[in-house]
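Q: Provided herewith: query_7.cif, mmCIF, C-alpha atoms and all ligand atoms.
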```cif
data_coords
#
loop_
_atom_site.label_atom_id
_atom_site.label_comp_id
_atom_site.auth_asym_id
_atom_site.auth_seq_id
_atom_site.Cartn_x
_atom_site.Cartn_y
_atom_site.Cartn_z
CA MET A 1 17.32 3.73 87.98
CA SER A 2 14.48 5.92 86.76
CA ALA A 3 11.60 3.41 86.88
CA GLU A 4 9.46 3.03 89.95
CA LEU A 5 9.54 -0.50 91.31
CA ILE A 6 6.13 -2.19 91.44
CA ASP A 7 6.31 -4.14 94.67
CA GLY A 8 4.17 -7.21 93.97
CA LYS A 9 5.45 -8.90 97.10
CA ALA A 10 4.13 -6.12 99.35
CA PHE A 11 0.86 -5.88 97.41
CA ALA A 12 0.42 -9.65 97.70
CA ALA A 13 1.13 -9.58 101.43
CA ASP A 14 -1.63 -6.95 101.88
CA LEU A 15 -4.05 -8.97 99.78
CA ARG A 16 -3.31 -12.11 101.78
CA LYS A 17 -3.97 -10.22 105.02
CA THR A 18 -7.27 -8.90 103.66
CA VAL A 19 -8.28 -12.39 102.52
CA GLY A 20 -7.29 -13.74 105.94
CA ARG A 21 -9.59 -11.25 107.71
CA HIS A 22 -12.51 -12.05 105.43
CA ALA A 23 -11.80 -15.79 105.75
CA ALA A 24 -12.04 -15.54 109.54
CA ALA A 25 -15.39 -13.76 109.18
CA PHE A 26 -16.51 -16.42 106.70
CA ALA A 27 -15.66 -19.20 109.16
CA GLN A 28 -17.76 -17.45 111.82
CA LYS A 29 -20.75 -17.12 109.51
CA ALA A 30 -20.54 -20.50 107.78
CA GLY A 31 -19.46 -22.56 110.80
CA ARG A 32 -16.58 -23.97 108.77
CA LYS A 33 -13.39 -22.73 107.15
CA ALA A 34 -13.01 -22.22 103.42
CA GLY A 35 -10.98 -25.11 101.98
CA LEU A 36 -8.45 -25.43 99.17
CA ALA A 37 -7.32 -28.80 97.79
CA VAL A 38 -4.00 -28.87 95.96
CA VAL A 39 -2.99 -31.92 93.94
CA LEU A 40 0.66 -32.54 93.11
CA VAL A 41 1.60 -35.38 90.80
CA GLY A 42 5.25 -36.41 90.84
CA ALA A 43 8.14 -34.60 92.45
CA ASP A 44 9.08 -31.67 90.22
CA ALA A 45 11.29 -29.54 92.49
CA ALA A 46 9.75 -26.16 91.59
CA SER A 47 6.20 -27.54 91.88
CA GLU A 48 7.06 -28.94 95.33
CA VAL A 49 8.07 -25.44 96.43
CA TYR A 50 4.91 -23.82 95.03
CA VAL A 51 2.62 -26.45 96.55
CA ARG A 52 4.27 -26.05 99.95
CA SER A 53 3.92 -22.25 99.70
CA LYS A 54 0.25 -22.57 98.76
CA GLY A 55 -0.44 -24.84 101.73
CA LYS A 56 1.29 -22.50 104.18
CA ALA A 57 -0.37 -19.39 102.73
CA THR A 58 -3.80 -21.06 102.87
CA ILE A 59 -3.44 -21.92 106.55
CA ALA A 60 -2.04 -18.46 107.36
CA ALA A 61 -5.14 -16.95 105.70
CA ASN A 62 -7.47 -18.83 108.07
CA MET A 63 -8.47 -21.42 105.49
CA GLU A 64 -8.13 -25.18 105.39
CA SER A 65 -5.50 -26.79 103.17
CA PHE A 66 -5.86 -30.30 101.75
CA GLU A 67 -2.72 -31.56 100.03
CA HIS A 68 -2.78 -34.63 97.81
CA ARG A 69 0.54 -35.99 96.58
CA LEU A 70 0.45 -38.66 93.92
CA ARG A 71 3.22 -40.72 92.36
CA ALA A 72 4.63 -39.60 89.00
CA ASP A 73 3.28 -42.80 87.40
CA THR A 74 -0.32 -42.09 88.47
CA SER A 75 -2.73 -42.82 85.62
CA GLU A 76 -5.10 -40.24 84.19
CA ALA A 77 -8.05 -42.31 85.45
CA GLU A 78 -6.68 -42.31 89.02
CA LEU A 79 -6.05 -38.58 88.91
CA ILE A 80 -9.52 -37.84 87.55
CA ALA A 81 -11.03 -40.13 90.20
CA LEU A 82 -9.35 -38.00 92.89
CA VAL A 83 -10.61 -34.78 91.27
CA GLU A 84 -14.14 -36.21 91.24
CA LYS A 85 -13.86 -37.11 94.92
CA LEU A 86 -12.80 -33.53 95.67
CA ASN A 87 -15.67 -32.18 93.53
CA ALA A 88 -18.07 -34.07 95.80
CA ASP A 89 -16.40 -33.01 99.08
CA SER A 90 -18.29 -30.14 100.71
CA ALA A 91 -15.23 -29.13 102.77
CA VAL A 92 -13.38 -28.34 99.54
CA ASP A 93 -14.20 -24.99 97.91
CA GLY A 94 -11.29 -24.81 95.50
CA ILE A 95 -9.41 -27.49 93.58
CA LEU A 96 -6.05 -26.95 91.97
CA VAL A 97 -3.95 -29.43 90.05
CA GLN A 98 -0.37 -28.19 90.03
CA LEU A 99 1.05 -27.84 86.51
CA PRO A 100 2.98 -29.06 84.65
CA LEU A 101 1.81 -32.66 84.96
CA PRO A 102 4.49 -35.31 84.45
CA GLY A 103 4.76 -37.62 81.48
CA ASP A 104 1.84 -38.06 79.13
CA LEU A 105 -0.91 -37.00 81.52
CA ASP A 106 -3.37 -34.88 79.55
CA GLU A 107 -3.64 -31.55 81.40
CA GLN A 108 -6.78 -30.47 79.53
CA ALA A 109 -8.59 -33.74 80.34
CA VAL A 110 -7.72 -33.44 84.03
CA ILE A 111 -8.72 -29.77 84.25
CA ALA A 112 -11.99 -30.58 82.45
CA ALA A 113 -12.85 -32.93 85.34
CA ILE A 114 -12.77 -30.09 87.90
CA ASP A 115 -16.18 -28.70 88.89
CA PRO A 116 -16.15 -25.18 87.35
CA GLY A 117 -17.57 -23.88 90.64
CA LYS A 118 -14.34 -25.05 92.33
CA ASP A 119 -11.98 -24.06 89.50
CA VAL A 120 -10.04 -21.46 91.50
CA ASP A 121 -7.15 -21.59 89.00
CA GLY A 122 -9.58 -20.46 86.28
CA PHE A 123 -8.15 -23.00 83.81
CA HIS A 124 -11.39 -24.87 82.97
CA VAL A 125 -12.82 -24.13 79.50
CA GLU A 126 -16.00 -22.93 81.17
CA SER A 127 -14.00 -20.36 83.18
CA ALA A 128 -12.12 -19.31 80.04
CA GLY A 129 -15.40 -18.96 78.14
CA ARG A 130 -17.00 -16.94 80.91
CA LEU A 131 -14.06 -14.53 80.91
CA MET A 132 -14.26 -14.23 77.14
CA VAL A 133 -17.96 -13.31 77.10
CA GLY A 134 -17.90 -11.15 80.23
CA ARG A 135 -19.76 -13.46 82.59
CA GLU A 136 -18.83 -13.98 86.22
CA GLY A 137 -16.35 -16.80 86.77
CA PHE A 138 -12.89 -17.63 88.02
CA VAL A 139 -10.02 -15.78 86.34
CA PRO A 140 -6.50 -17.30 86.26
CA CYS A 141 -4.49 -16.06 89.23
CA THR A 142 -1.40 -14.70 87.48
CA PRO A 143 -3.15 -12.41 84.99
CA LEU A 144 -5.68 -11.31 87.61
CA GLY A 145 -2.72 -10.41 89.85
CA CYS A 146 -1.15 -8.43 86.98
CA ILE A 147 -4.30 -6.43 86.32
CA MET A 148 -4.59 -5.65 90.05
CA LEU A 149 -1.04 -4.24 89.99
CA LEU A 150 -1.80 -2.21 86.84
CA LYS A 151 -5.04 -0.78 88.22
CA ASP A 152 -3.31 0.04 91.47
CA ARG A 153 -0.70 2.05 89.58
CA HIS A 154 -2.82 3.67 86.87
CA GLY A 155 -6.39 3.58 88.14
CA ASP A 156 -8.05 3.85 84.76
CA LEU A 157 -6.42 1.91 81.89
CA SER A 158 -8.90 3.29 79.37
CA GLY A 159 -7.37 4.02 75.97
CA MET A 160 -3.88 2.89 76.96
CA GLU A 161 -1.89 0.88 74.41
CA ALA A 162 -1.11 -2.54 75.88
CA VAL A 163 1.07 -5.23 74.35
CA VAL A 164 0.98 -8.73 75.79
CA ILE A 165 3.91 -10.86 74.66
CA GLY A 166 2.87 -14.52 74.83
CA ARG A 167 -0.37 -16.29 73.99
CA SER A 168 -0.66 -19.08 76.56
CA ASN A 169 -4.08 -20.09 77.85
CA ILE A 170 -2.89 -19.51 81.42
CA VAL A 171 -1.41 -16.03 81.09
CA GLY A 172 -1.28 -14.36 77.65
CA LYS A 173 -4.86 -14.86 76.46
CA PRO A 174 -6.65 -14.13 79.76
CA MET A 175 -4.32 -11.17 80.32
CA ALA A 176 -5.29 -9.69 76.97
CA GLN A 177 -8.98 -10.17 77.79
CA LEU A 178 -8.63 -8.46 81.17
CA LEU A 179 -6.86 -5.50 79.55
CA LEU A 180 -9.59 -5.32 76.92
CA ASP A 181 -12.24 -5.38 79.68
CA ALA A 182 -10.39 -2.43 81.22
CA ASN A 183 -10.76 -0.58 77.88
CA ALA A 184 -7.09 -0.73 76.91
CA THR A 185 -6.18 -1.13 73.23
CA VAL A 186 -4.61 -4.57 73.19
CA THR A 187 -2.12 -6.32 70.94
CA ILE A 188 -1.07 -9.93 71.53
CA ALA A 189 2.45 -10.50 70.23
CA HIS A 190 4.16 -13.88 69.96
CA SER A 191 7.04 -15.81 68.43
CA ARG A 192 5.80 -15.17 64.85
CA THR A 193 5.18 -11.45 65.34
CA LYS A 194 7.10 -9.41 62.77
CA ASP A 195 9.15 -6.57 64.24
CA LEU A 196 8.41 -7.43 67.87
CA PRO A 197 10.59 -4.52 69.13
CA GLY A 198 8.55 -2.13 66.96
CA VAL A 199 5.27 -3.49 68.29
CA VAL A 200 6.44 -3.30 71.91
CA ARG A 201 7.67 0.27 71.38
CA ARG A 202 4.06 1.43 70.87
CA ALA A 203 2.98 0.20 74.29
CA ASP A 204 2.14 2.20 77.40
CA ILE A 205 1.78 -1.19 79.12
CA VAL A 206 3.98 -4.20 78.33
CA VAL A 207 3.17 -7.60 79.80
CA ALA A 208 5.95 -10.09 79.08
CA ALA A 209 4.92 -13.74 79.40
CA VAL A 210 7.02 -15.67 76.92
CA GLY A 211 9.27 -17.76 79.16
CA ARG A 212 12.51 -16.56 77.58
CA ALA A 213 15.07 -15.11 79.93
CA GLU A 214 15.71 -11.36 79.53
CA MET A 215 14.32 -11.29 75.98
CA VAL A 216 12.69 -7.85 76.15
CA LYS A 217 15.39 -5.21 75.84
CA ALA A 218 15.51 -1.61 77.04
CA ASP A 219 15.47 -0.19 73.51
CA TRP A 220 12.19 -2.00 72.78
CA LEU A 221 10.40 0.13 75.36
CA LYS A 222 8.62 3.44 75.01
CA PRO A 223 10.10 5.76 77.66
CA GLY A 224 7.83 5.78 80.70
CA ALA A 225 6.05 2.52 79.85
CA THR A 226 4.78 0.27 82.63
CA VAL A 227 6.40 -3.15 82.39
CA ILE A 228 4.87 -6.25 83.98
CA ASP A 229 7.29 -9.17 83.85
CA VAL A 230 5.58 -12.54 84.26
CA GLY A 231 8.67 -14.60 83.40
CA ILE A 232 10.45 -16.73 85.98
CA ASN A 233 13.60 -18.16 84.42
CA ARG A 234 16.49 -19.76 86.23
CA LEU A 235 19.84 -18.91 84.58
CA ALA A 236 22.69 -21.42 84.52
CA PRO A 237 24.86 -20.98 87.62
CA ALA A 238 27.74 -18.56 87.13
CA GLU A 239 31.17 -19.58 88.37
CA GLY A 240 31.16 -20.01 92.13
CA GLU A 241 27.35 -20.18 92.30
CA THR A 242 25.50 -23.37 93.16
CA LYS A 243 22.17 -22.05 91.84
CA GLY A 244 21.67 -19.77 88.85
CA ARG A 245 20.02 -16.37 89.25
CA LEU A 246 16.26 -16.02 88.79
CA VAL A 247 15.38 -13.55 86.02
CA GLY A 248 12.27 -12.48 84.16
CA ASP A 249 11.48 -12.19 80.46
CA VAL A 250 12.66 -8.58 80.57
CA ASP A 251 16.26 -7.39 80.74
CA PHE A 252 15.60 -5.66 84.06
CA ASP A 253 18.88 -3.74 84.39
CA GLY A 254 18.41 -2.08 81.01
CA ALA A 255 14.62 -1.72 81.16
CA LYS A 256 14.59 0.04 84.51
CA GLU A 257 16.43 2.98 82.94
CA VAL A 258 13.70 3.49 80.32
CA ALA A 259 10.44 2.26 81.87
CA GLY A 260 8.23 4.41 84.09
CA ALA A 261 7.48 1.45 86.35
CA ILE A 262 8.52 -2.19 86.37
CA THR A 263 7.93 -5.38 88.35
CA PRO A 264 11.08 -7.13 89.60
CA VAL A 265 11.76 -10.87 89.40
CA PRO A 266 11.59 -12.25 92.02
CA GLY A 267 9.18 -10.20 94.11
CA GLY A 268 6.87 -8.89 91.37
CA VAL A 269 4.14 -10.92 89.73
CA GLY A 270 5.05 -14.31 91.28
CA PRO A 271 3.78 -13.60 94.81
CA MET A 272 0.49 -12.27 93.37
CA THR A 273 -0.31 -15.72 91.95
CA ILE A 274 -0.71 -17.30 95.38
CA ALA A 275 -2.44 -14.28 96.94
CA VAL A 276 -5.06 -14.28 94.16
CA LEU A 277 -5.50 -18.04 94.53
CA LEU A 278 -6.52 -17.47 98.16
CA ARG A 279 -8.85 -14.70 97.03
CA ASN A 280 -10.51 -16.96 94.44
CA THR A 281 -10.88 -19.75 97.01
CA LEU A 282 -12.62 -17.44 99.46
CA VAL A 283 -14.96 -16.21 96.72
CA ALA A 284 -15.77 -19.86 95.87
CA ALA A 285 -16.49 -20.60 99.54
CA HIS A 286 -18.96 -17.72 99.74
CA GLN A 287 -20.70 -18.95 96.60
CA HIS A 288 -20.96 -22.48 98.01
CA GLU A 289 -22.63 -21.15 101.15
CA GLY A 290 -24.97 -18.82 99.24
CA LEU A 291 -23.20 -15.78 100.74
CA GLU A 292 -22.28 -12.58 98.93
CA PRO A 293 -18.46 -12.43 98.49
CA PRO A 294 -16.87 -9.50 100.35
CA GLU A 295 -16.95 -6.25 98.40
CA GLY A 296 -13.75 -5.13 96.70
CA LEU A 297 -11.96 -8.45 97.11
N1 LIG B 1 -2.13 -25.15 88.78
C1 LIG B 1 -1.23 -24.18 88.60
N2 LIG B 1 0.00 -24.51 88.18
C2 LIG B 1 0.91 -23.51 87.99
C3 LIG B 1 0.58 -22.16 88.23
C4 LIG B 1 -0.73 -21.86 88.65
O1 LIG B 1 -1.12 -20.68 88.86
N3 LIG B 1 -1.60 -22.90 88.83
N4 LIG B 1 1.54 -21.17 88.13
C5 LIG B 1 2.95 -21.54 88.01
C6 LIG B 1 3.64 -21.79 89.31
N5 LIG B 1 3.19 -21.01 90.48
C7 LIG B 1 2.09 -21.45 91.13
O2 LIG B 1 1.63 -22.51 90.99
C8 LIG B 1 3.98 -19.97 91.03
C9 LIG B 1 5.11 -19.52 90.42
C10 LIG B 1 5.92 -18.55 91.02
C11 LIG B 1 5.57 -18.01 92.25
C12 LIG B 1 6.44 -17.04 92.94
O3 LIG B 1 6.06 -16.46 93.93
N6 LIG B 1 7.69 -16.84 92.50
C13 LIG B 1 8.66 -16.02 93.18
C14 LIG B 1 10.02 -16.63 93.03
C15 LIG B 1 10.09 -18.03 93.59
C16 LIG B 1 11.48 -18.62 93.54
O4 LIG B 1 12.36 -18.11 94.21
O5 LIG B 1 11.64 -19.64 92.84
C17 LIG B 1 8.69 -14.62 92.62
O6 LIG B 1 8.44 -14.46 91.43
O7 LIG B 1 8.99 -13.72 93.39
C18 LIG B 1 4.44 -18.45 92.85
C19 LIG B 1 3.64 -19.41 92.25
C20 LIG B 1 3.08 -22.80 87.19
N7 LIG B 1 2.17 -23.82 87.59
MG MG B 2 3.27 -32.83 80.35
#
```
Turn this file's structure into structure tokens for me.
Ligand SMILES: Nc1nc2c(c(=O)[nH]1)N[C@@H](CN(C=O)c1ccc(C(=O)N[C@@H](CCC(=O)O)C(=O)O)cc1)CN2
Ligand SMILES: [Mg+2]
A:
Amino acid sequence: MSAELIDGKAFAADLRKTVGRHAAAFAQKAGRKAGLAVVLVGADAASEVYVRSKGKATIAANMESFEHRLRADTSEAELIALVEKLNADSAVDGILVQLPLPGDLDEQAVIAAIDPGKDVDGFHVESAGRLMVGREGFVPCTPLGCIMLLKDRHGDLSGMEAVVIGRSNIVGKPMAQLLLDANATVTIAHSRTKDLPGVVRRADIVVAAVGRAEMVKADWLKPGATVIDVGINRLAPAEGETKGRLVGDVDFDGAKEVAGAITPVPGGVGPMTIAVLLRNTLVAAHQHEGLEPPEGL
């Protein structure tokens, strides 16, 4: 292996500790803990795991966790009514509706009901617009976690060639904007991109967020490139396994021989998502109390 491993799990653990310290100080000053409400609709197994992890991490970081579990057949009106109740609750600083939503529930309509001042996932159109025009607002947790890892490794990203593979509203588009804000030269590639390997080969920074297991191959990479793998894909179980292996969107075994640095899956980007969520929640809490958020958070 020639690539350095980017240890997102360790970075996330440090960030969570830092948030926890600042959250304790916040509770002292404000006379209450910062609060995060998480709404889970239905019983998707992966979502259950993430929601449980978020609750535990919130409590461990000296904040209050409010979990709301709704039946899979909950109507959009019922779900929006709950969001509105949480908007009005002064103990709640951040609101998160776990995605994907089951059935025909309209994710955009539900997210639009969240008070942008409590939109700690950064999924509201107002948050997306603020990011786009360079105004303060909440940035989606996964791409913000990725840019933290990149800045930690490179310091200045100015003038670097970055290719983001994937154009989702949650990862690809905000990721590209954050790289642009850091003065990288950014290309967004996607399923219709012609000569994707050729495009990726130009990149000093590759962010893979397509949701296709091990799609990005070693010979697509410029030697020494930094590879951020956002994918979390469960392979079919091999013989003798009960659960398939978890892999990213990058063929890790090949890529690690060519890349300069790479995030593993698991233990790379994934843990950053929850750490940044706590960070965003604490920032929201400071804003709600008219306090300046801690520097450097
Ligand atoms: N409302 C939201 N919904 C979803 C988000 C989100 O940010 N907000 N992101 C994903 C799921 N997600 C958090 O919700 C999430 C995904 C993965 C991880 C993580 O730490 N993964 C581990 C591996 C976990 C495993 O073993 O299965 C890793 O990569 O190391 C955390 C959070 C979709 N929905
Ligand atoms: Mg759906």
Q: Once you count all atoms listed in the file, which residues end up within 8 Å of ligand MG 2 (chain B), and could you hand them over as number ranges by chain?
A: A: 100-107
Q: Could you check the closest approach to Leu196 in chain A for each of A:Gly267, A:Gly35, A:Pro174, A:Gly166 and tell me which residue wins, using only C-alpha atoms?
A: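 Looking only at the distances to Leu196 in chain A, the closest residue turns out to be A:Gly166.
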Q: Do you have, as a tab-separated table, the list of residues of chain A lying at most 6 Å from ligand LIG 1 (chain B), each with its nearest atom pair and that distance in Å to one decimal, counting all atoms listed in the file and ordered by chain then number?
A:
```
residue	atom	partner	partner_atom	distance
A:Tyr50	CA	B:LIG1	C7	5.4
A:Leu96	CA	B:LIG1	N1	5.4
A:Val97	CA	B:LIG1	N1	4.8
A:Gln98	CA	B:LIG1	N1	3.7
A:Leu99	CA	B:LIG1	N2	3.9
A:Asp121	CA	B:LIG1	N3	5.7
A:Cys141	CA	B:LIG1	O1	5.7
A:Val265	CA	B:LIG1	O6	5.3
A:Pro266	CA	B:LIG1	O7	3.3
A:Gly267	CA	B:LIG1	O7	3.6
A:Gly268	CA	B:LIG1	O7	5.6
A:Val269	CA	B:LIG1	O6	5.8
A:Gly270	CA	B:LIG1	O6	3.4
A:Pro271	CA	B:LIG1	O3	3.8
A:Thr273	CA	B:LIG1	C19	5.4
A:Ile274	CA	B:LIG1	C19	5.8
```
Q: So which one's closest to Ile114 in chain A, A:Ser47, A:Val163, A:Ala37, A:Asp253? Using only C-alpha atoms, please.
A: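 Of all the options, A:Ala37 lies closest to Ile114 in chain A.
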Q: With distances taken over only C-alpha atoms, which residue among A:Asp93, A:Glu239, A:Glu4, A:Glu78 lies nearest Arg279 in chain A?
A: A:Asp93
Q: So, with only C-alpha atoms as the atoms that count, which of A:Leu86, A:Ala57, A:Val120, A:Ile111 lies closest to Ala285 in chain A?
A: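 Result for the nearest residue to Ala285 in chain A: A:Val120.
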Q: In the coordinates of the file, take the point (13.0, -1.7, 68.7) and a cut-off of 9 Å; then, counting all atoms listed in the file, name each qualifying protein, DNA or RNA residue as a ChimeraX atom specification.
A: /A:195-201,217-221
Q: CA of Pro140 in chain A and CA of Phe123 in chain A, how far apart in Å?
A: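 Value for the CA of Phe123 in chain A-CA of Pro140 in chain A distance: 6.4 Å.
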Q: Smallest atom-to-atom distance to Ser158 in chain A: which of A:Asp115, A:Glu292, A:Glu136, A:Asp204, using only C-alpha atoms?
A: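 Once distances to Ser158 in chain A are computed over only C-alpha atoms, the minimum belongs to A:Asp204.
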Q: Taking all atoms listed in the file into account, name the residue in A:Gly159, A:Gly290, A:Gly231, A:Gly145 that is nearest to Leu277 in chain A.
A: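 For Leu277 in chain A, the nearest of the candidates is A:Gly145.
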Q: Just want the 12 Å neighbourhood of His154 in chain A, counted on only C-alpha atoms, with same-chain residues fewer than 2 positions away dropped. Output as a PyMOL selection string.
A: chain A and resi 6+147-152+156-160+182+184+204-205+225-226+260-261
Q: I want to know what sits within 12 Å of Met63 in chain A, based on all atoms listed in the file, with residues of the same chain fewer than 5 positions away left out; could you give that as a PyMOL selection string?
A: chain A and resi 16+19-28+32-37+54-58+91-94+277-279+281-282+285
Q: Considering only C-alpha atoms, return as a ChimeraX atom specification whatever protein or nucleic-acid residues lie within 8 Å of Val283 in chain A, sequence-local ones (same chain, fewer than 3 positions apart) excluded.
A: /A:279-280,286-287,293-294
Q: For Leu235 in chain A, list every protein, DNA or RNA residue within 12 Å, evaluated using all atoms listed in the file, and leave out those in the same chain fewer than 6 positions away; present the list as a PyMOL selection string.
A: chain A and resi 211-214+241-249
Q: So the first atom is CA of Glu257 in chain A and the second is CA of Leu5 in chain A; what is the distance between them in Å, to one decimal place?
A: 11.4 Å
Q: Can you complete the atoms of range 92-107 of chain A to N, CA and C atoms and list them as a PDB file, keeping the file's coordinate frame?
A:
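Heads up, here's the output in rebuild-v4.pdb:
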```pdb
ATOM      1  N   VAL A  92     -14.324 -28.857 100.553  1.00  0.00           N
ATOM      2  CA  VAL A  92     -13.380 -28.340  99.540  1.00  0.00           C
ATOM      3  C   VAL A  92     -14.101 -27.304  98.675  1.00  0.00           C
ATOM      4  N   ASP A  93     -13.612 -26.062  98.733  1.00  0.00           N
ATOM      5  CA  ASP A  93     -14.200 -24.990  97.910  1.00  0.00           C
ATOM      6  C   ASP A  93     -13.433 -24.777  96.618  1.00  0.00           C
ATOM      7  N   GLY A  94     -12.129 -25.017  96.677  1.00  0.00           N
ATOM      8  CA  GLY A  94     -11.290 -24.810  95.500  1.00  0.00           C
ATOM      9  C   GLY A  94     -10.430 -26.026  95.242  1.00  0.00           C
ATOM     10  N   ILE A  95     -10.265 -26.359  93.957  1.00  0.00           N
ATOM     11  CA  ILE A  95      -9.410 -27.490  93.580  1.00  0.00           C
ATOM     12  C   ILE A  95      -8.372 -26.990  92.597  1.00  0.00           C
ATOM     13  N   LEU A  96      -7.137 -27.376  92.857  1.00  0.00           N
ATOM     14  CA  LEU A  96      -6.050 -26.950  91.970  1.00  0.00           C
ATOM     15  C   LEU A  96      -5.152 -28.139  91.692  1.00  0.00           C
ATOM     16  N   VAL A  97      -4.907 -28.392  90.433  1.00  0.00           N
ATOM     17  CA  VAL A  97      -3.950 -29.430  90.050  1.00  0.00           C
ATOM     18  C   VAL A  97      -2.686 -28.711  89.598  1.00  0.00           C
ATOM     19  N   GLN A  98      -1.610 -28.916  90.327  1.00  0.00           N
ATOM     20  CA  GLN A  98      -0.370 -28.190  90.030  1.00  0.00           C
ATOM     21  C   GLN A  98       0.170 -28.600  88.658  1.00  0.00           C
ATOM     22  N   LEU A  99       0.502 -27.612  87.847  1.00  0.00           N
ATOM     23  CA  LEU A  99       1.050 -27.840  86.510  1.00  0.00           C
ATOM     24  C   LEU A  99       2.531 -27.451  86.488  1.00  0.00           C
ATOM     25  N   PRO A 100       3.343 -28.061  85.651  1.00  0.00           N
ATOM     26  CA  PRO A 100       2.980 -29.060  84.650  1.00  0.00           C
ATOM     27  C   PRO A 100       2.786 -30.452  85.254  1.00  0.00           C
ATOM     28  N   LEU A 101       1.969 -31.267  84.562  1.00  0.00           N
ATOM     29  CA  LEU A 101       1.810 -32.660  84.960  1.00  0.00           C
ATOM     30  C   LEU A 101       2.927 -33.483  84.326  1.00  0.00           C
ATOM     31  N   PRO A 102       3.383 -34.520  85.010  1.00  0.00           N
ATOM     32  CA  PRO A 102       4.490 -35.310  84.450  1.00  0.00           C
ATOM     33  C   PRO A 102       4.019 -36.217  83.305  1.00  0.00           C
ATOM     34  N   GLY A 103       4.981 -36.592  82.504  1.00  0.00           N
ATOM     35  CA  GLY A 103       4.760 -37.620  81.480  1.00  0.00           C
ATOM     36  C   GLY A 103       3.680 -37.238  80.484  1.00  0.00           C
ATOM     37  N   ASP A 104       2.846 -38.241  80.178  1.00  0.00           N
ATOM     38  CA  ASP A 104       1.840 -38.060  79.130  1.00  0.00           C
ATOM     39  C   ASP A 104       0.476 -37.668  79.680  1.00  0.00           C
ATOM     40  N   LEU A 105       0.401 -37.357  80.958  1.00  0.00           N
ATOM     41  CA  LEU A 105      -0.910 -37.000  81.520  1.00  0.00           C
ATOM     42  C   LEU A 105      -1.479 -35.798  80.760  1.00  0.00           C
ATOM     43  N   ASP A 106      -2.747 -35.908  80.373  1.00  0.00           N
ATOM     44  CA  ASP A 106      -3.370 -34.880  79.550  1.00  0.00           C
ATOM     45  C   ASP A 106      -3.942 -33.773  80.452  1.00  0.00           C
ATOM     46  N   GLU A 107      -3.257 -32.634  80.483  1.00  0.00           N
ATOM     47  CA  GLU A 107      -3.640 -31.550  81.400  1.00  0.00           C
ATOM     48  C   GLU A 107      -5.075 -31.090  81.138  1.00  0.00           C
TER      49      GLU A 107
END
```
